[in-house]
file data-v7.txt (compact mmCIF, C-alpha atoms)
# COMPACT_ATOMS: atom_id res chain seq x y z
CA MET A 1 22.87 -19.50 11.46
CA ASN A 2 21.39 -18.11 14.64
CA PHE A 3 18.06 -16.43 14.12
CA VAL A 4 16.77 -16.32 17.71
CA PRO A 5 17.72 -12.67 18.40
CA LEU A 6 15.93 -11.66 15.21
CA TYR A 7 12.72 -13.29 16.44
CA ILE A 8 12.97 -11.20 19.61
CA ILE A 9 13.47 -7.98 17.64
CA GLY A 10 10.61 -8.98 15.35
CA ILE A 11 8.23 -9.46 18.27
CA ILE A 12 9.23 -6.12 19.83
CA LEU A 13 9.01 -4.23 16.52
CA ILE A 14 5.64 -5.65 15.53
CA SER A 15 4.15 -5.12 19.00
CA TYR A 16 5.39 -1.54 18.95
CA ILE A 17 3.77 -0.93 15.56
CA LEU A 18 0.47 -2.44 16.73
CA VAL A 19 0.45 -0.18 19.80
CA GLU A 20 1.21 2.99 17.81
CA THR A 21 -1.40 2.08 15.20
CA PHE A 22 -3.94 1.54 17.97
CA PHE A 23 -3.21 4.98 19.47
CA ILE A 24 -3.53 6.74 16.11
CA TYR A 25 -6.79 4.83 15.54
CA LYS A 26 -8.17 5.81 18.95
CA ARG A 27 -7.34 9.47 18.47
CA ALA A 28 -8.88 9.51 15.00
CA TYR A 29 -12.01 7.88 16.37
CA LYS A 30 -12.33 10.53 19.07
CA ARG A 31 -11.70 13.32 16.57
CA GLY A 32 -14.29 11.76 14.25
CA LEU A 33 -16.93 12.01 16.97
CA GLU A 34 -15.97 15.66 17.54
CA LEU A 35 -16.41 16.34 13.83
CA GLY A 36 -19.92 14.95 14.07
CA ILE A 37 -19.35 11.62 12.31
CA SER A 38 -21.70 9.09 13.87
CA LYS A 39 -20.43 6.23 15.98
CA SER A 40 -22.11 3.75 13.68
CA GLN A 41 -20.32 5.23 10.65
CA LEU A 42 -16.96 5.00 12.39
CA ASN A 43 -17.62 1.39 13.37
CA GLU A 44 -18.84 0.55 9.89
CA THR A 45 -15.63 1.96 8.38
CA THR A 46 -13.61 -0.26 10.70
CA ARG A 47 -15.69 -3.34 9.97
CA SER A 48 -15.69 -2.98 6.21
CA SER A 49 -11.95 -2.31 6.11
CA VAL A 50 -11.35 -5.46 8.13
CA ILE A 51 -13.51 -7.49 5.74
CA PHE A 52 -11.81 -5.99 2.69
CA SER A 53 -8.29 -6.66 3.96
CA ILE A 54 -8.63 -10.38 4.56
CA VAL A 55 -8.38 -11.55 0.94
CA PRO A 56 -5.45 -9.35 -0.20
CA SER A 57 -3.51 -10.57 2.85
CA ILE A 58 -3.46 -14.13 1.54
CA PRO A 59 -1.08 -13.53 -1.42
CA ILE A 60 1.22 -11.78 1.05
CA LEU A 61 1.20 -14.96 3.10
CA ILE A 62 1.91 -17.02 -0.01
CA GLY A 63 4.72 -14.63 -0.96
CA LEU A 64 6.14 -15.27 2.45
CA ILE A 65 6.54 -18.99 1.73
CA THR A 66 8.29 -18.30 -1.54
CA MET A 67 10.77 -16.14 0.36
CA ILE A 68 11.67 -18.77 2.97
CA PRO A 69 14.12 -20.76 0.80
CA LEU A 70 15.78 -17.50 -0.23
CA PHE A 71 16.46 -16.49 3.38
CA GLY A 72 16.82 -19.91 4.95
CA ASP A 73 14.33 -19.13 7.72
CA VAL A 74 10.90 -17.63 8.22
CA VAL A 75 11.97 -14.76 10.47
CA ILE A 76 13.21 -12.22 7.91
CA PRO A 77 10.26 -12.74 5.50
CA TRP A 78 7.88 -12.55 8.47
CA ILE A 79 9.24 -9.22 9.69
CA ARG A 80 9.60 -7.72 6.23
CA LEU A 81 6.09 -8.59 5.14
CA SER A 82 4.40 -7.60 8.41
CA VAL A 83 6.18 -4.30 8.31
CA ILE A 84 6.83 -1.86 5.47
CA GLY A 85 7.72 -4.29 2.68
CA SER A 86 5.72 -5.62 -0.19
CA VAL A 87 6.01 -9.09 -1.67
CA SER A 88 7.29 -7.99 -5.07
CA TYR A 89 9.89 -5.62 -3.63
CA GLU A 90 11.35 -8.10 -1.17
CA THR A 91 11.62 -10.95 -3.63
CA TYR A 92 13.14 -8.73 -6.30
CA ALA A 93 15.68 -7.22 -3.93
CA ALA A 94 16.92 -10.51 -2.54
CA THR A 95 17.03 -12.21 -5.93
CA ALA A 96 18.80 -9.28 -7.58
CA ILE A 97 21.57 -9.12 -5.02
CA LYS A 98 22.18 -12.85 -4.94
CA GLY A 99 22.14 -12.92 -8.77
CA ALA A 100 24.56 -10.01 -9.04
CA VAL A 101 27.08 -11.85 -6.88
CA GLY A 102 26.42 -15.16 -8.62
CA LEU A 103 25.02 -17.27 -5.76
CA SER A 104 22.12 -19.69 -5.90
CA SER A 105 21.04 -19.00 -2.31
CA LEU A 106 21.74 -16.11 0.05
CA THR A 107 22.54 -18.56 2.84
CA GLU A 108 25.71 -19.73 1.01
CA ASN A 109 27.57 -16.59 1.98
CA LEU A 110 26.91 -14.69 5.20
CA GLN A 111 28.42 -11.48 3.88
CA VAL A 112 26.11 -11.48 0.89
CA TYR A 113 23.21 -12.29 3.21
CA SER A 114 23.97 -9.35 5.46
CA THR A 115 24.48 -7.06 2.44
CA ALA A 116 21.06 -8.08 1.14
CA ILE A 117 19.26 -7.24 4.38
CA TRP A 118 21.21 -4.01 4.88
CA THR A 119 20.41 -2.80 1.37
CA MET A 120 16.77 -3.83 1.54
CA THR A 121 16.32 -2.06 4.86
CA ILE A 122 18.08 1.16 3.92
CA SER A 123 16.43 1.41 0.50
CA ILE A 124 12.93 1.08 1.84
CA LEU A 125 13.46 3.63 4.59
CA SER A 126 13.59 6.41 1.96
CA GLY A 127 9.85 6.99 2.15
CA MET A 128 9.93 7.24 5.94
CA ILE A 129 12.85 9.65 5.86
CA ILE A 130 10.90 11.93 3.53
CA LEU A 131 8.02 11.82 6.00
CA ILE A 132 10.26 12.70 8.94
CA PHE A 133 11.80 15.75 7.29
CA PHE A 134 9.38 17.10 4.71
CA TYR A 135 5.89 15.76 5.27
CA LYS A 136 4.59 18.46 7.61
CA LYS A 137 5.64 21.18 5.20
CA TYR A 138 4.02 19.29 2.33
CA THR A 139 0.68 19.00 4.14
CA THR A 140 0.79 22.69 5.05
CA GLN A 141 1.11 23.49 1.36
CA LEU A 142 -1.78 21.20 0.45
CA GLU A 143 -3.80 22.83 3.22
CA SER A 144 -3.17 26.28 1.78
CA ILE A 145 -4.35 25.12 -1.67
CA LYS A 146 -7.48 23.82 0.04
CA LYS A 147 -8.10 27.19 1.69
CA ARG A 148 -7.63 29.07 -1.57
CA ASP A 149 -9.71 26.81 -3.80
CA LYS A 150 -11.53 23.93 -2.13
CA ARG A 151 -12.92 22.42 -5.32
CA TRP A 152 -9.52 22.36 -7.00
CA SER A 153 -7.93 20.66 -4.00
CA GLU A 154 -10.54 17.88 -4.28
CA LEU A 155 -9.98 17.53 -8.02
CA LEU A 156 -6.23 17.51 -7.45
CA ILE A 157 -6.50 14.41 -5.28
CA ALA A 158 -8.92 12.74 -7.70
CA ALA A 159 -6.50 13.51 -10.56
CA MET A 160 -3.56 11.98 -8.69
CA PHE A 161 -5.62 8.87 -8.11
CA MET A 162 -6.49 8.73 -11.81
CA GLY A 163 -2.75 8.44 -12.47
CA LEU A 164 -2.83 5.20 -10.47
CA VAL A 165 -6.07 3.95 -12.06
CA GLY A 166 -4.83 4.88 -15.55
CA THR A 167 -1.49 3.14 -15.10
CA ILE A 168 -2.77 -0.06 -13.50
CA GLY A 169 -5.74 -0.17 -15.90
CA ALA A 170 -3.48 0.25 -18.93
CA GLN A 171 -1.08 -2.35 -17.53
CA GLN A 172 -3.83 -4.92 -17.06
CA ILE A 173 -5.25 -4.25 -20.52
CA THR A 174 -1.88 -4.54 -22.28
CA ILE A 175 -1.04 -7.77 -20.43
CA GLY A 176 -4.23 -9.13 -21.99
CA GLY A 177 -5.69 -12.59 -21.36
CA TYR A 178 -6.98 -13.36 -17.89
CA ASN A 179 -5.71 -10.04 -16.50
CA THR A 180 -7.96 -8.04 -18.82
CA LEU A 181 -10.80 -10.47 -18.20
CA ALA A 182 -10.38 -10.09 -14.42
CA LEU A 183 -10.42 -6.30 -14.79
CA PHE A 184 -13.71 -6.33 -16.66
CA ILE A 185 -15.39 -8.98 -14.49
CA SER A 186 -14.56 -6.82 -11.48
CA VAL A 187 -15.93 -3.70 -13.20
CA GLY A 188 -19.09 -5.64 -14.06
CA ILE A 189 -19.71 -6.95 -10.55
CA MET A 190 -19.07 -3.49 -9.09
CA ALA A 191 -21.50 -1.92 -11.57
CA VAL A 192 -24.23 -4.38 -10.57
CA ILE A 193 -23.65 -3.97 -6.83
CA GLY A 194 -23.34 -0.21 -7.25
CA GLY A 195 -26.69 -0.11 -8.99
CA LEU A 196 -28.34 -2.33 -6.39
CA SER A 197 -26.90 -0.39 -3.47
CA LEU A 198 -28.79 2.70 -4.60
CA LYS A 199 -31.80 0.75 -3.36
CA PHE A 200 -30.23 -1.38 -0.63
CA LYS A 201 -27.78 0.83 1.23
CA TRP A 202 -26.32 -2.04 3.32
CA LEU A 203 -24.83 -3.60 0.18
CA GLU A 204 -22.27 -0.82 -0.16
CA GLU A 205 -20.14 -2.15 2.65
CA PHE A 206 -19.61 -5.39 0.75
CA ALA A 207 -19.17 -3.88 -2.71
CA LEU A 208 -15.38 -4.01 -2.89
CA PRO A 209 -14.78 -7.34 -1.11
CA VAL A 210 -17.54 -9.04 -3.12
CA SER A 211 -16.25 -7.66 -6.44
CA MET A 212 -12.74 -8.80 -5.63
CA LEU A 213 -13.66 -12.24 -4.33
CA GLY A 214 -16.33 -12.77 -7.00
CA THR A 215 -13.81 -11.99 -9.73
CA LEU A 216 -11.30 -14.47 -8.33
CA ILE A 217 -13.93 -17.21 -7.96
CA ILE A 218 -15.24 -16.74 -11.51
CA LEU A 219 -11.70 -16.67 -12.83
CA TYR A 220 -10.81 -19.84 -10.93
CA PHE A 221 -13.48 -21.73 -12.82
CA VAL A 222 -12.75 -20.02 -16.14
CA ILE A 223 -9.11 -21.09 -15.90
CA GLY A 224 -10.33 -24.64 -15.34
CA GLY A 225 -9.97 -25.10 -11.60
CA THR A 226 -12.15 -27.65 -9.85
CA LEU A 227 -13.37 -27.87 -6.28
CA MET B 1 -9.64 20.79 19.76
CA ASN B 2 -9.76 21.93 16.14
CA GLN B 3 -8.59 20.06 13.05
CA GLU B 4 -5.35 22.03 12.82
CA SER B 5 -4.19 21.08 16.30
CA TYR B 6 -5.32 17.48 15.72
CA ILE B 7 -3.13 17.34 12.60
CA ASN B 8 -0.21 19.02 14.36
CA ASN B 9 -0.37 16.47 17.15
CA LEU B 10 -0.52 13.73 14.57
CA HIS B 11 2.65 15.00 12.89
CA LYS B 12 4.44 15.05 16.22
CA HIS B 13 3.31 11.55 17.03
CA GLY B 14 3.91 10.36 13.45
CA LYS B 15 7.48 11.65 13.36
CA ARG B 16 8.31 9.82 16.57
CA PHE B 17 6.67 6.70 15.14
CA MET B 18 8.78 6.95 11.94
CA ILE B 19 12.06 7.56 13.79
CA LEU B 20 11.59 4.70 16.27
CA SER B 21 10.35 2.27 13.63
CA SER B 22 13.26 2.97 11.29
CA LEU B 23 15.74 2.53 14.15
CA PHE B 24 14.10 -0.78 15.05
CA MET B 25 14.25 -1.88 11.44
CA LEU B 26 17.93 -1.02 11.23
CA THR B 27 18.66 -3.16 14.28
CA ILE B 28 17.71 -6.24 12.23
CA PRO B 29 20.65 -6.14 9.77
CA PHE B 30 22.84 -4.76 12.53
CA VAL B 31 22.15 -7.63 14.93
CA PHE B 32 22.48 -10.17 12.11
CA SER B 33 25.88 -8.81 11.09
CA PHE B 34 26.98 -8.55 14.71
CA ILE B 35 26.16 -12.10 15.82
CA HIS B 36 27.51 -13.69 12.65
CA ASN B 37 30.39 -11.26 12.39
CA ALA B 38 29.44 -10.82 8.74
CA TRP B 39 29.58 -7.19 7.64
CA PRO B 40 28.96 -6.10 4.07
CA THR B 41 32.10 -5.09 2.21
CA LEU B 42 32.24 -1.88 0.22
CA ASP B 43 32.10 -3.80 -3.07
CA LEU B 44 29.02 -5.74 -2.00
CA ILE B 45 27.31 -2.57 -0.78
CA LYS B 46 27.95 -1.04 -4.20
CA VAL B 47 26.35 -4.04 -5.91
CA GLY B 48 23.37 -3.83 -3.54
CA PHE B 49 22.74 -0.17 -4.16
CA MET B 50 23.25 -0.42 -7.91
CA THR B 51 20.71 -3.23 -8.22
CA VAL B 52 18.19 -2.38 -5.49
CA GLY B 53 18.80 1.08 -4.05
CA ALA B 54 18.99 2.78 -7.44
CA ILE B 55 15.44 1.64 -8.17
CA TYR B 56 13.76 1.60 -4.79
CA ILE B 57 15.05 4.80 -3.20
CA PRO B 58 13.51 7.05 -5.90
CA ILE B 59 10.33 4.93 -5.95
CA GLY B 60 10.00 5.27 -2.17
CA ILE B 61 10.31 9.04 -2.36
CA ILE B 62 7.97 9.54 -5.31
CA GLU B 63 5.33 7.16 -3.95
CA THR B 64 5.28 9.04 -0.67
CA ILE B 65 4.68 12.37 -2.40
CA ASN B 66 2.08 10.83 -4.69
CA TYR B 67 0.02 8.84 -2.19
CA ALA B 68 0.15 11.14 0.84
CA PRO B 69 -2.57 13.56 -0.32
CA MET B 70 -4.96 10.70 -1.13
CA LEU B 71 -4.38 8.93 2.17
CA GLY B 72 -4.35 11.89 4.54
CA VAL B 73 -1.95 12.41 7.44
CA GLY B 74 -2.77 9.60 9.90
CA ALA B 75 -3.09 6.96 7.18
CA THR B 76 0.16 8.07 5.53
CA TYR B 77 2.16 7.54 8.71
CA ILE B 78 0.64 4.13 9.42
CA SER B 79 0.87 2.85 5.86
CA HIS B 80 4.51 3.82 5.45
CA VAL B 81 5.38 1.58 8.35
CA THR B 82 3.08 -1.29 7.45
CA GLY B 83 3.65 -1.33 3.67
CA ASN B 84 1.65 -2.81 0.79
CA ILE B 85 0.25 0.66 0.05
CA SER B 86 -0.96 0.55 -3.54
CA ASN B 87 -2.34 -2.99 -3.44
CA MET B 88 -4.07 -2.75 -0.07
CA LYS B 89 -3.95 0.35 2.13
CA LEU B 90 -4.93 2.81 -0.60
CA PRO B 91 -7.84 0.70 -1.90
CA ALA B 92 -9.05 0.20 1.70
CA ALA B 93 -8.91 3.94 2.38
CA LEU B 94 -10.59 4.97 -0.88
CA SER B 95 -13.34 2.41 -0.54
CA ALA B 96 -14.03 3.51 3.05
CA MET B 97 -14.16 7.19 2.03
CA LYS B 98 -16.56 6.39 -0.78
CA GLN B 99 -18.78 4.35 1.46
CA ALA B 100 -18.85 7.06 4.13
CA GLN B 101 -19.58 9.57 1.35
CA VAL B 102 -16.76 11.93 2.25
CA GLU B 103 -14.62 13.73 -0.32
CA PRO B 104 -10.92 12.68 -0.22
CA GLY B 105 -8.97 15.56 1.28
CA SER B 106 -11.73 16.78 3.60
CA ASP B 107 -11.48 16.79 7.41
CA GLU B 108 -13.89 13.86 7.65
CA ALA B 109 -11.95 11.89 5.02
CA GLU B 110 -8.80 12.27 7.10
CA ILE B 111 -10.54 10.42 9.94
CA ILE B 112 -12.23 7.74 7.83
CA SER B 113 -9.01 7.00 5.95
CA THR B 114 -7.02 6.70 9.18
CA LEU B 115 -9.51 4.24 10.64
CA ALA B 116 -9.53 2.19 7.43
CA VAL B 117 -5.75 1.98 7.10
CA ALA B 118 -5.25 1.24 10.80
CA SER B 119 -7.78 -1.62 10.69
CA SER B 120 -6.35 -2.95 7.45
CA SER B 121 -2.81 -2.91 8.88
CA VAL B 122 -3.82 -4.83 11.98
CA VAL B 123 -5.64 -7.45 9.89
CA THR B 124 -2.59 -8.10 7.69
CA ILE B 125 -0.21 -8.30 10.63
CA LEU B 126 -2.50 -10.78 12.39
CA ILE B 127 -3.14 -12.91 9.30
CA ILE B 128 0.58 -13.17 8.64
CA LEU B 129 1.21 -14.06 12.27
CA VAL B 130 -1.48 -16.73 12.35
CA GLY B 131 -0.28 -17.95 8.97
CA VAL B 132 3.28 -18.35 10.17
CA LEU B 133 2.21 -20.11 13.36
CA LEU B 134 -0.55 -22.38 12.11
CA LEU B 135 -0.62 -22.63 8.37
CA LEU B 136 3.02 -23.03 7.48
CA PRO B 137 2.75 -26.80 6.97
CA TYR B 138 -0.38 -26.40 4.82
CA LEU B 139 0.59 -23.36 2.81
CA SER B 140 1.58 -25.34 -0.24
CA ILE B 141 -1.96 -26.79 -0.41
CA ILE B 142 -3.49 -23.32 -0.08
CA ASP B 143 -1.14 -22.16 -2.80
CA GLN B 144 -2.24 -25.01 -5.03
CA TYR B 145 -5.86 -23.81 -4.88
CA LEU B 146 -5.35 -20.06 -4.71
CA GLY B 147 -2.05 -19.76 -6.52
CA THR B 148 -3.70 -19.90 -9.93
CA VAL B 149 -5.87 -16.85 -9.26
CA THR B 150 -3.93 -14.67 -6.80
CA ASP B 151 -1.92 -13.36 -9.76
CA TYR B 152 -5.12 -11.59 -10.77
CA LEU B 153 -5.78 -9.86 -7.44
CA VAL B 154 -4.59 -6.51 -8.77
CA PRO B 155 -7.10 -6.35 -11.67
CA ALA B 156 -9.78 -7.77 -9.34
CA ILE B 157 -9.31 -4.84 -6.94
CA PHE B 158 -8.65 -2.09 -9.45
CA GLY B 159 -11.50 -2.97 -11.77
CA ALA B 160 -14.06 -2.37 -9.02
CA LEU B 161 -12.29 0.57 -7.44
CA GLY B 162 -11.45 2.23 -10.75
CA PHE B 163 -15.06 1.90 -11.88
CA VAL B 164 -16.32 3.80 -8.84
CA PHE B 165 -13.95 6.70 -9.45
CA ILE B 166 -14.26 6.74 -13.22
CA VAL B 167 -18.04 7.03 -12.94
CA ARG B 168 -17.58 10.15 -10.83
CA HIS B 169 -14.66 11.75 -12.64
CA TRP B 170 -14.64 10.14 -16.09
CA LYS B 171 -13.16 13.17 -17.82
CA LEU B 172 -10.07 12.98 -15.64
CA VAL B 173 -9.09 9.44 -16.63
CA ILE B 174 -9.14 9.80 -20.44
CA ILE B 175 -5.72 11.40 -20.97
CA PRO B 176 -3.60 9.48 -18.39
CA MET B 177 -5.13 6.14 -19.37
CA SER B 178 -4.73 6.67 -23.14
CA VAL B 179 -1.15 7.86 -22.82
CA MET B 180 -0.25 4.92 -20.58
CA LEU B 181 -1.97 2.48 -22.96
CA ALA B 182 0.06 3.82 -25.88
CA LEU B 183 3.25 3.79 -23.83
CA PHE B 184 2.75 0.21 -22.64
CA TYR B 185 1.69 -1.10 -26.05
CA PHE B 186 4.59 0.36 -27.96
CA VAL B 187 7.47 1.19 -25.64
CA ILE B 188 7.48 -0.20 -22.08
CA LYS B 189 6.37 -3.76 -22.60
CA ASP B 190 7.57 -5.32 -19.34
CA PRO B 191 4.58 -5.40 -16.91
CA SER B 192 6.82 -5.50 -13.83
CA VAL B 193 8.33 -2.11 -14.76
CA GLN B 194 5.04 -0.44 -15.70
CA PRO B 195 3.82 0.50 -12.17
CA VAL B 196 6.88 2.74 -11.88
CA PHE B 197 5.01 5.09 -14.23
CA VAL B 198 2.23 5.86 -11.73
CA PRO B 199 3.81 9.20 -10.71
CA VAL B 200 4.30 10.17 -14.37
CA ALA B 201 0.64 9.42 -15.08
CA SER B 202 -0.39 11.30 -11.93
CA LEU B 203 1.55 14.37 -12.99
CA LEU B 204 0.06 14.22 -16.47
CA SER B 205 -3.38 13.76 -14.96
CA LEU B 206 -2.84 16.76 -12.66
CA LEU B 207 -1.80 18.99 -15.54
CA THR B 208 -4.75 18.01 -17.72
CA ALA B 209 -7.16 18.32 -14.78
CA ARG B 210 -5.83 21.81 -14.07
CA PHE B 211 -6.25 22.74 -17.73
CA MET B 212 -9.82 21.40 -17.87
CA TYR B 213 -10.68 23.11 -14.59
CA LYS B 214 -9.38 26.47 -15.83
CA LYS B 215 -11.30 26.04 -19.08
CA GLY B 216 -14.42 25.21 -17.11
CA TRP B 217 -14.75 21.73 -18.64
CA ILE B 218 -14.89 20.18 -15.20
CA LYS B 219 -16.51 21.75 -12.20
call {"tool": "encode", "arguments": {"input": "data-v7.txt", "output": "structure tokens"}}
result
Amino acid sequence: MNFVPLYIIGIILISYILVETFFIYKRAYKRGLELGISKSQLNETTRSSVIFSIVPSIPILIGLITMIPLFGDVVIPWIRLSVIGSVSYETYAATAIKGAVGLSSLTENLQVYSTAIWTMTISILSGMIILIFFYKKYTTQLESIKKRDKRWSELLIAAMFMGLVGTIGAQQITIGGYNTLALFISVGIMAVIGGLSLKFKWLEEFALPVSMLGTLIILYFVIGGTL
Amino acid sequence: MNQESYINNLHKHGKRFMILSSLFMLTIPFVFSFIHNAWPTLDLIKVGFMTVGAIYIPIGIIETINYAPMLGVGATYISHVTGNISNMKLPAALSAMKQAQVEPGSDEAEIISTLAVASSSVVTILIILVGVLLLLPYLSIIDQYLGTVTDYLVPAIFGALGFVFIVRHWKLVIIPMSVMLALFYFVIKDPSVQPVFVPVASLLSLLTARFMYKKGWIK
């Protein structure tokens, strides 16, 4: 199979996304200064988001390796995981299609291979299509709720987020075992750092990364890992 | 410039970003099929959409509606191109907003969230790139050490993040969490299917929040 053209598209696509992201970032930064947010706050937001994002990127990288045998090359997993996709979605999609046709690897049949990447691409574009056609209208509506009742619009967003917290929390508790343990270790570390950061403001920036990493380290030893 | 014209510009820019990115993404299967002369047959397409499309198209739509108000405009556009929203972009945005002490949904939150998601996206893209270039031969060793605990990354993030929000809005979490607990204990027992219920829990949470707000139980 010839993957070279796909590498070229991948490089162009990912560079394009980096450039657009940079422009949106720059504009937001400028607008932030206009709104009276201090330069140091804007820089701190950037720094702490960079720190936070390092650890969750590693499982994505590991997911990438597990996808290589499925696709016979690194290029498709690389593009899909740099852009739009998530590890669980990609692996499920490829496995489901190959299973439905009864193959052990996608590379055995080029038609199945191309079907898999067509379906994966089209399916995941649904969110973007919604954004292209309906998003502006949707934000206008949210904006009008905000004008009518500011407090309710804040609670509305908090309530939506509670749907996520409630679902993931309940999921981790019903799975039980180390998942539940991890959930509560993380709560515990956050509670301690949260309390301390009332006194030491600089700690706040590290609260989430430290809770996450601390939980994983404790869990590693609880499970019986050694150095 | 006021906030309204900033947002309008962002929509214009964002739409172009979405259209060009989706076209680029479609060139990947197109070029693959073209150079290998391997086009999906109608039967195969049907299989693909029954197994993958039927699940992921509705999820894509519902997730967008659900997460957009929390992320704000700029962050929504970026995160829909760069992916990994619920496990990474959303936690990054919420943690940044909390740290900057801005209320999600406010003009300031829009900015903070955009900066957070943009930085987070660049970090992931770079780590994956470096990983592919340098670490590929060693990844199995990394996996050996980290593999045992990376399965627990989701509770490790959501414990801390959930705690922060529950402390502030504890009344809002009672109903959605209890209903989901009951549902997952007795009916939907497969953990890989459970996250699909986020929008259901969000809707339930919205309705109960509205009720409590009207009753004056939350202010």
call {"tool": "atom_distance", "arguments": {"input": "data-v7.txt", "atom1": "atom CA of Phe49 of chain B", "atom2": "atom CA of Phe34 of chain B"}}
result
21.1 Å
call {"tool": "residues_around", "arguments": {"input": "data-v7.txt", "residues": "segment 75-91 of chain B", "least_positions_apart": "6", "cutoff": "7 Å", "atoms": "all atoms listed in the file", "output": "count of residues only"}}
result
17
call {"tool": "closest_residue", "arguments": {"input": "data-v7.txt", "among": "B:Ile157, B:Ile65, B:Leu133, B:Met212", "to": "chain A", "atoms": "all atoms listed in the file"}}
result
B:Ile157
call {"tool": "closest_residue", "arguments": {"input": "data-v7.txt", "among": "B:Ala201, B:Met70, B:Leu161, B:Val122", "to": "Leu155 of chain A", "atoms": "all atoms listed in the file"}}
result
B:Met70
call {"tool": "axis_aligned_box", "arguments": {"input": "data-v7.txt", "around": "segment 94-108 of chain A", "padding_each_side": "5 Å", "output": "AutoDock Vina command-line options"}}
result
--center_x 22.0 --center_y -14.4 --center_z -3.1 --size_x 20.2 --size_y 20.6 --size_z 21.9
call {"tool": "residues_around", "arguments": {"input": "data-v7.txt", "residues": "Lys15 of chain B", "least_positions_apart": "4", "cutoff": "12 Å", "atoms": "all atoms listed in the file", "output": "ChimeraX atom specification"}}
result
/A:20,128-136 /B:8-11,19-22,73-74,76-78,80-81
call {"tool": "closest_residue", "arguments": {"input": "data-v7.txt", "among": "B:Pro137, B:Pro191, B:Gly131, B:Gly60", "to": "Pro59 of chain A", "atoms": "all atoms listed in the file"}}
result
B:Gly131
call {"tool": "residues_around", "arguments": {"input": "data-v7.txt", "residues": "Gly194 of chain A", "least_positions_apart": "2", "cutoff": "10 Å", "atoms": "only C-alpha atoms", "output": "number ranges by chain"}}
result
A: 188-192, 196-201, 203-204, 207-208; B: 160, 163-164
call {"tool": "closest_residue", "arguments": {"input": "data-v7.txt", "among": "A:Leu6, A:Ile68, A:Gly163, A:Val74", "to": "Phe165 of chain B", "atoms": "only C-alpha atoms"}}
result
A:Gly163
call {"tool": "closest_residue", "arguments": {"input": "data-v7.txt", "among": "A:Lys146, A:Asn179, A:Val4, A:Tyr138", "to": "Asp107 of chain B", "atoms": "only C-alpha atoms"}}
result
A:Lys146
call {"tool": "build_atoms", "arguments": {"input": "data-v7.txt", "residues": "segment 205-214 of chain B", "atoms": "N, CA, C and O atoms", "output": "mmCIF file, in the frame of the given file"}}
result
data_model
loop_
_atom_site.group_PDB
_atom_site.id
_atom_site.type_symbol
_atom_site.label_atom_id
_atom_site.label_comp_id
_atom_site.auth_asym_id
_atom_site.auth_seq_id
_atom_site.Cartn_x
_atom_site.Cartn_y
_atom_site.Cartn_z
ATOM 1 N N SER B 205 -1.986 13.643 -15.324
ATOM 2 C CA SER B 205 -3.380 13.760 -14.960
ATOM 3 C C SER B 205 -3.649 15.090 -14.243
ATOM 4 O O SER B 205 -4.653 15.769 -14.499
ATOM 5 N N LEU B 206 -2.718 15.478 -13.370
ATOM 6 C CA LEU B 206 -2.840 16.760 -12.660
ATOM 7 C C LEU B 206 -2.850 17.931 -13.625
ATOM 8 O O LEU B 206 -3.675 18.845 -13.526
ATOM 9 N N LEU B 207 -1.906 17.894 -14.579
ATOM 10 C CA LEU B 207 -1.800 18.990 -15.540
ATOM 11 C C LEU B 207 -3.061 19.104 -16.395
ATOM 12 O O LEU B 207 -3.598 20.200 -16.588
ATOM 13 N N THR B 208 -3.552 17.944 -16.881
ATOM 14 C CA THR B 208 -4.750 18.010 -17.720
ATOM 15 C C THR B 208 -5.976 18.411 -16.899
ATOM 16 O O THR B 208 -6.826 19.151 -17.370
ATOM 17 N N ALA B 209 -6.029 17.942 -15.635
ATOM 18 C CA ALA B 209 -7.160 18.320 -14.780
ATOM 19 C C ALA B 209 -7.154 19.836 -14.540
ATOM 20 O O ALA B 209 -8.193 20.502 -14.597
ATOM 21 N N ARG B 210 -5.958 20.377 -14.307
ATOM 22 C CA ARG B 210 -5.830 21.810 -14.070
ATOM 23 C C ARG B 210 -6.303 22.596 -15.304
ATOM 24 O O ARG B 210 -7.035 23.576 -15.197
ATOM 25 N N PHE B 211 -5.865 22.093 -16.465
ATOM 26 C CA PHE B 211 -6.250 22.740 -17.730
ATOM 27 C C PHE B 211 -7.777 22.719 -17.904
ATOM 28 O O PHE B 211 -8.399 23.744 -18.187
ATOM 29 N N MET B 212 -8.369 21.536 -17.688
ATOM 30 C CA MET B 212 -9.820 21.400 -17.870
ATOM 31 C C MET B 212 -10.584 22.239 -16.848
ATOM 32 O O MET B 212 -11.630 22.805 -17.142
ATOM 33 N N TYR B 213 -10.036 22.328 -15.652
ATOM 34 C CA TYR B 213 -10.680 23.110 -14.590
ATOM 35 C C TYR B 213 -10.671 24.603 -14.929
ATOM 36 O O TYR B 213 -11.664 25.305 -14.805
ATOM 37 N N LYS B 214 -9.515 25.055 -15.430
ATOM 38 C CA LYS B 214 -9.380 26.470 -15.830
ATOM 39 C C LYS B 214 -10.324 26.801 -16.989
ATOM 40 O O LYS B 214 -10.890 27.877 -17.056
#
